[in-house]
Every structure is written in structure tokens, then in C-alpha cells.
Amino acid sequence: MIADARVKDELRSWQRKMEKRQSMTGRLAKRIQNKVNQIIPEKVHYVVTTSIKNMVHATLIGSEYTTSVKVMQNKSFEERESQVDEAIKRYKKAAAVEGAGTGAGGILLGMADFPLLLGIKMKFLFETASCYGYDVNDFRERLFILYLFQLAFSSEEKRKEVYAIVSNWDDYAQTIPTEEQYLENINWKEFQLEYRDHIDLVKMLQLIPGFGAIVGAAANYHFLDVLGETAKNGYRMRLLKL
């Protein structure tokens with residue numbers, strides 16, 4: 001694949017950001033988050049945990065996200081990037097609309113936002129994989145999608161660990177066990193805690209009636225923006241070997 005200097009500069013800038021040491025702000029945010037977790041209603045924790053477990057299960061062994069995905073063949077790098085950019089715009093708008101709608105309804109609809117937003121994010125990642133020419137029917141490609149998801153929504157401390165896997169994916173993929181073995185050993189609790197901790201400080205405001213509509217739209221738009229940047233650069237690393 002051939003890419004222009006702008007793409008390579010963007011990729012290298014993103015790589016530097018992924019490799020940065022945990023900041024004092026990041027450590028402080030983690031301590032605050034631990035305190036916030038103690039006051040969040042248990043039913044909210046349950047909704048998030050269940051939604052994430054269902055999402056991971058659907059990603060790895062379900063057909064919900066794969067049935068309509070077609071791998072783009074014989075396309076230039078520029079054409080692939082253009083398709084991904086269009087997808088990012090579409091999914092950001094969809095996420096914002098969904099966030100505004102559920103945020104306007106207070107705590108019950110706000111809780112419903114978690115699984116809905118997860119679905120939007122995963123559909124985007126599957127479409128992005130196909131745009132870059134990767135077959136999501138391959139278990140390892142679906143697993144790569146999950147690592148991209150983790151990379152986008154993990155703490156600074158966890159991010160370096162996940163980035164090390166994503167940036168050396170070809171080697172890591174050779175060590176992955178079968179689907180059955182992987183599912184038996186996945187740490188559901190750790191996976192959901194990283195995601196929940198990343199979004200809680202913002203998303204809890206979405207549960208406030210009225211005010212939640214504004215927060216929901218802006219937060220969901222932002223989360224898709226972050227996911228888009230992560231996905232693009234994750235696949236760029238694999239295609240460009242940088």
C-alpha cells in the first residue's frame with residue numbers, strides 16, 4: 001500500500017500518543033473514577049457489564065455484525081481511506097442522534113444507551129475492517145476489532161499494554177488459541193471495567209433528564225470520533241508496516 005506524507009505523519013503522531021507514559025492527570029482521573037464507581041447504582045453496573053459481555057460474545061461468535069459486511073477488493077489506499085472517512089461521518093451522526101434521544105429520557109433511557117451505543121461502535125468497526133480489505137469472517141480479525149475497541153476506550157495504564165498487541169498484530173495472531181479456548185479464558189470483568197471507567201464520568205451526566213440530551217449527543221459524537229481515529233491508525237499500521 002502507498003500512502004502520502006500526511007497519512008504517515010498522522011500515523012506517527014498517533015503512535016507517539018499511544019506510547020506516552022501515564023500522565024499525572026491520568027492517574028488522578030483513575031482515582032476519581034474509583035470513587036465514582038462506589039456511588040453508581042448497582043443496576044447501572046449490571047446493565048454495562050451485561051451489555052459488554054453480550055457485545056464481545058456477538059463479535060467473536062455471532063453473525064449480527066458479519067452478515068452484511070463485504071470485503072472491499074482491488075481498491076487503492078486512498079479509496080479505502082475515503083470510504084472509512086464517510087463511515088466515520090455516518091456513524092458519528094447516528095451515535096449523536098441516539099445519545100440525544102436516550103439522554104432526554106433520564107435514567108431509564110440513559111441506561112438503554114449503553115447497549116445501543118455499543119452496537120453502533122461495533123458496526124462501525126466491522127465496516128472499517130472491510131473497507132481496509134480484512135475479512136471479518138476470520139476469528140482473528142474479529143479479535144483485532146475487539147483490541148481496537150479496547151485501545152480506544154482504555155485507561156492510559158491499560159492502553160500501552162493493548163497498543164503493544166495491536167502494533168505487533170501479525171506476531172501476536174500466531175499465538176492466539178482457538179475460539180473456544182479464547183472464550184473460556186477471557187476476563188469479562190477486566191474488559192468491562194476498562195470500558196466503563198473510561199466513559200462513566202461523562203455518561204453519568206446523560207442520566208439527568210433534559211440536560212442528558214445535550215450530554216448524550218456530544219458524548220456519543222466524541223466517542224465515535226475517538227474510535228474512528230483509533231481504527232484508522234490501527235489498520236494503517238498493518239497495511240503500511242509502520
# chains A, B, ... in the order shown; residues from 1 in each chain; ligands from 1

call {"tool": "residues_around", "arguments": {"residues": "Leu240 (chain A)", "least_positions_apart": "4", "cutoff": "12 Å", "atoms": "only C-alpha atoms", "output": "PDB file with C-alpha atoms, in the first residue's frame"}}
result
ATOM      1  CA  MET A   1       0.000   0.000   0.000  1.00  0.00           C
ATOM      2  CA  ILE A   2       1.175   3.503  -0.856  1.00  0.00           C
ATOM      3  CA  ALA A   3       0.254   6.448   1.381  1.00  0.00           C
ATOM      4  CA  ASP A   4       1.131  10.133   1.191  1.00  0.00           C
ATOM      5  CA  ALA A   5       3.234  12.025   3.716  1.00  0.00           C
ATOM      6  CA  VAL A   7      -1.125   9.949   6.363  1.00  0.00           C
ATOM      7  CA  LYS A   8       2.286   8.820   7.581  1.00  0.00           C
ATOM      8  CA  LEU A  11       0.046   7.769  11.968  1.00  0.00           C
ATOM      9  CA  ARG A  12       3.375   8.583  13.623  1.00  0.00           C
ATOM     10  CA  PHE A  77      -5.256   3.010  -0.205  1.00  0.00           C
ATOM     11  CA  TYR A 132      -9.360  -1.828   4.569  1.00  0.00           C
ATOM     12  CA  SER A 167       1.188  -2.725  16.886  1.00  0.00           C
ATOM     13  CA  LYS A 232      -7.909   4.179  11.030  1.00  0.00           C
ATOM     14  CA  ASN A 233      -4.452   4.213  12.556  1.00  0.00           C
ATOM     15  CA  GLY A 234      -4.670   0.625  13.747  1.00  0.00           C
ATOM     16  CA  TYR A 235      -5.304  -0.591  10.212  1.00  0.00           C
ATOM     17  CA  ARG A 236      -2.825   1.875   8.769  1.00  0.00           C
TER      18      ARG A 236
END

call {"tool": "closest_residue", "arguments": {"among": "A:Thr59, A:Asn74, A:Ser82, A:Ser51", "to": "Arg140 (chain A)", "atoms": "only C-alpha atoms"}}
result
A:Thr59

call {"tool": "residues_around", "arguments": {"residues": "Ala95 (chain A)", "least_positions_apart": "5", "cutoff": "8 Å", "atoms": "only C-alpha atoms", "output": "JSON list (two decimals) with C-alpha atoms, in the first residue's frame"}}
result
[["chain", "number", "residue", "atom", "x", "y", "z"],
["A", 117, "LEU", "CA", -24.03, 2.76, 21.54],
["A", 120, "ILE", "CA", -23.15, 1.40, 16.71],
["A", 217, "ALA", "CA", -25.36, 13.76, 21.80],
["A", 220, "ASN", "CA", -21.55, 9.85, 21.70],
["A", 221, "TYR", "CA", -20.27, 12.01, 18.85],
["A", 224, "LEU", "CA", -17.15, 7.74, 17.70]]

call {"tool": "residues_around", "arguments": {"residues": "Val71 (chain A)", "least_positions_apart": "4", "cutoff": "9 Å", "atoms": "only C-alpha atoms", "output": "list in words"}}
result
Glu127, Ala129, Ser130, Cys131, Tyr132, Gly133, Tyr134, Asp135 and Val136 of chain A

call {"tool": "write_last_selection", "arguments": {"atoms": "N, CA and C atoms", "output": "PDB file, in the first residue's frame"}}
result
ATOM      1  N   GLU A 127     -17.404  -2.486   9.569  1.00  0.00           N
ATOM      2  CA  GLU A 127     -17.399  -1.848   8.255  1.00  0.00           C
ATOM      3  C   GLU A 127     -16.009  -1.325   7.914  1.00  0.00           C
ATOM      4  N   ALA A 129     -13.116  -2.495   8.974  1.00  0.00           N
ATOM      5  CA  ALA A 129     -12.261  -3.638   8.639  1.00  0.00           C
ATOM      6  C   ALA A 129     -12.450  -4.040   7.180  1.00  0.00           C
ATOM      7  N   SER A 130     -13.690  -4.087   6.743  1.00  0.00           N
ATOM      8  CA  SER A 130     -13.958  -4.484   5.356  1.00  0.00           C
ATOM      9  C   SER A 130     -13.448  -3.450   4.369  1.00  0.00           C
ATOM     10  N   CYS A 131     -13.532  -2.159   4.748  1.00  0.00           N
ATOM     11  CA  CYS A 131     -13.025  -1.103   3.873  1.00  0.00           C
ATOM     12  C   CYS A 131     -11.519  -1.250   3.655  1.00  0.00           C
ATOM     13  N   TYR A 132     -10.811  -1.662   4.689  1.00  0.00           N
ATOM     14  CA  TYR A 132      -9.360  -1.828   4.569  1.00  0.00           C
ATOM     15  C   TYR A 132      -8.975  -3.194   3.999  1.00  0.00           C
ATOM     16  N   GLY A 133      -9.970  -4.008   3.650  1.00  0.00           N
ATOM     17  CA  GLY A 133      -9.699  -5.268   2.958  1.00  0.00           C
ATOM     18  C   GLY A 133      -9.532  -6.482   3.833  1.00  0.00           C
ATOM     19  N   TYR A 134      -9.986  -6.420   5.095  1.00  0.00           N
ATOM     20  CA  TYR A 134      -9.836  -7.552   6.011  1.00  0.00           C
ATOM     21  C   TYR A 134     -11.168  -8.298   6.160  1.00  0.00           C
ATOM     22  N   ASP A 135     -11.094  -9.612   6.145  1.00  0.00           N
ATOM     23  CA  ASP A 135     -12.278 -10.469   6.181  1.00  0.00           C
ATOM     24  C   ASP A 135     -12.687 -10.737   7.629  1.00  0.00           C
ATOM     25  N   VAL A 136     -13.818 -10.189   8.044  1.00  0.00           N
ATOM     26  CA  VAL A 136     -14.262 -10.337   9.434  1.00  0.00           C
ATOM     27  C   VAL A 136     -14.831 -11.719   9.728  1.00  0.00           C
TER      28      VAL A 136
END

call {"tool": "closest_residue", "arguments": {"among": "A:Phe139, A:Phe124, A:Tyr46, A:Tyr91", "to": "Pro177 (chain A)", "atoms": "only C-alpha atoms"}}
result
A:Phe139

call {"tool": "residues_around", "arguments": {"residues": "Ala173 (chain A)", "least_positions_apart": "2", "cutoff": "12 Å", "atoms": "only C-alpha atoms", "output": "count of residues only"}}
result
19

call {"tool": "closest_residue", "arguments": {"among": "A:Met72, A:Met237, A:Leu227, A:Val97", "to": "Ala152 (chain A)", "atoms": "only C-alpha atoms"}}
result
A:Leu227
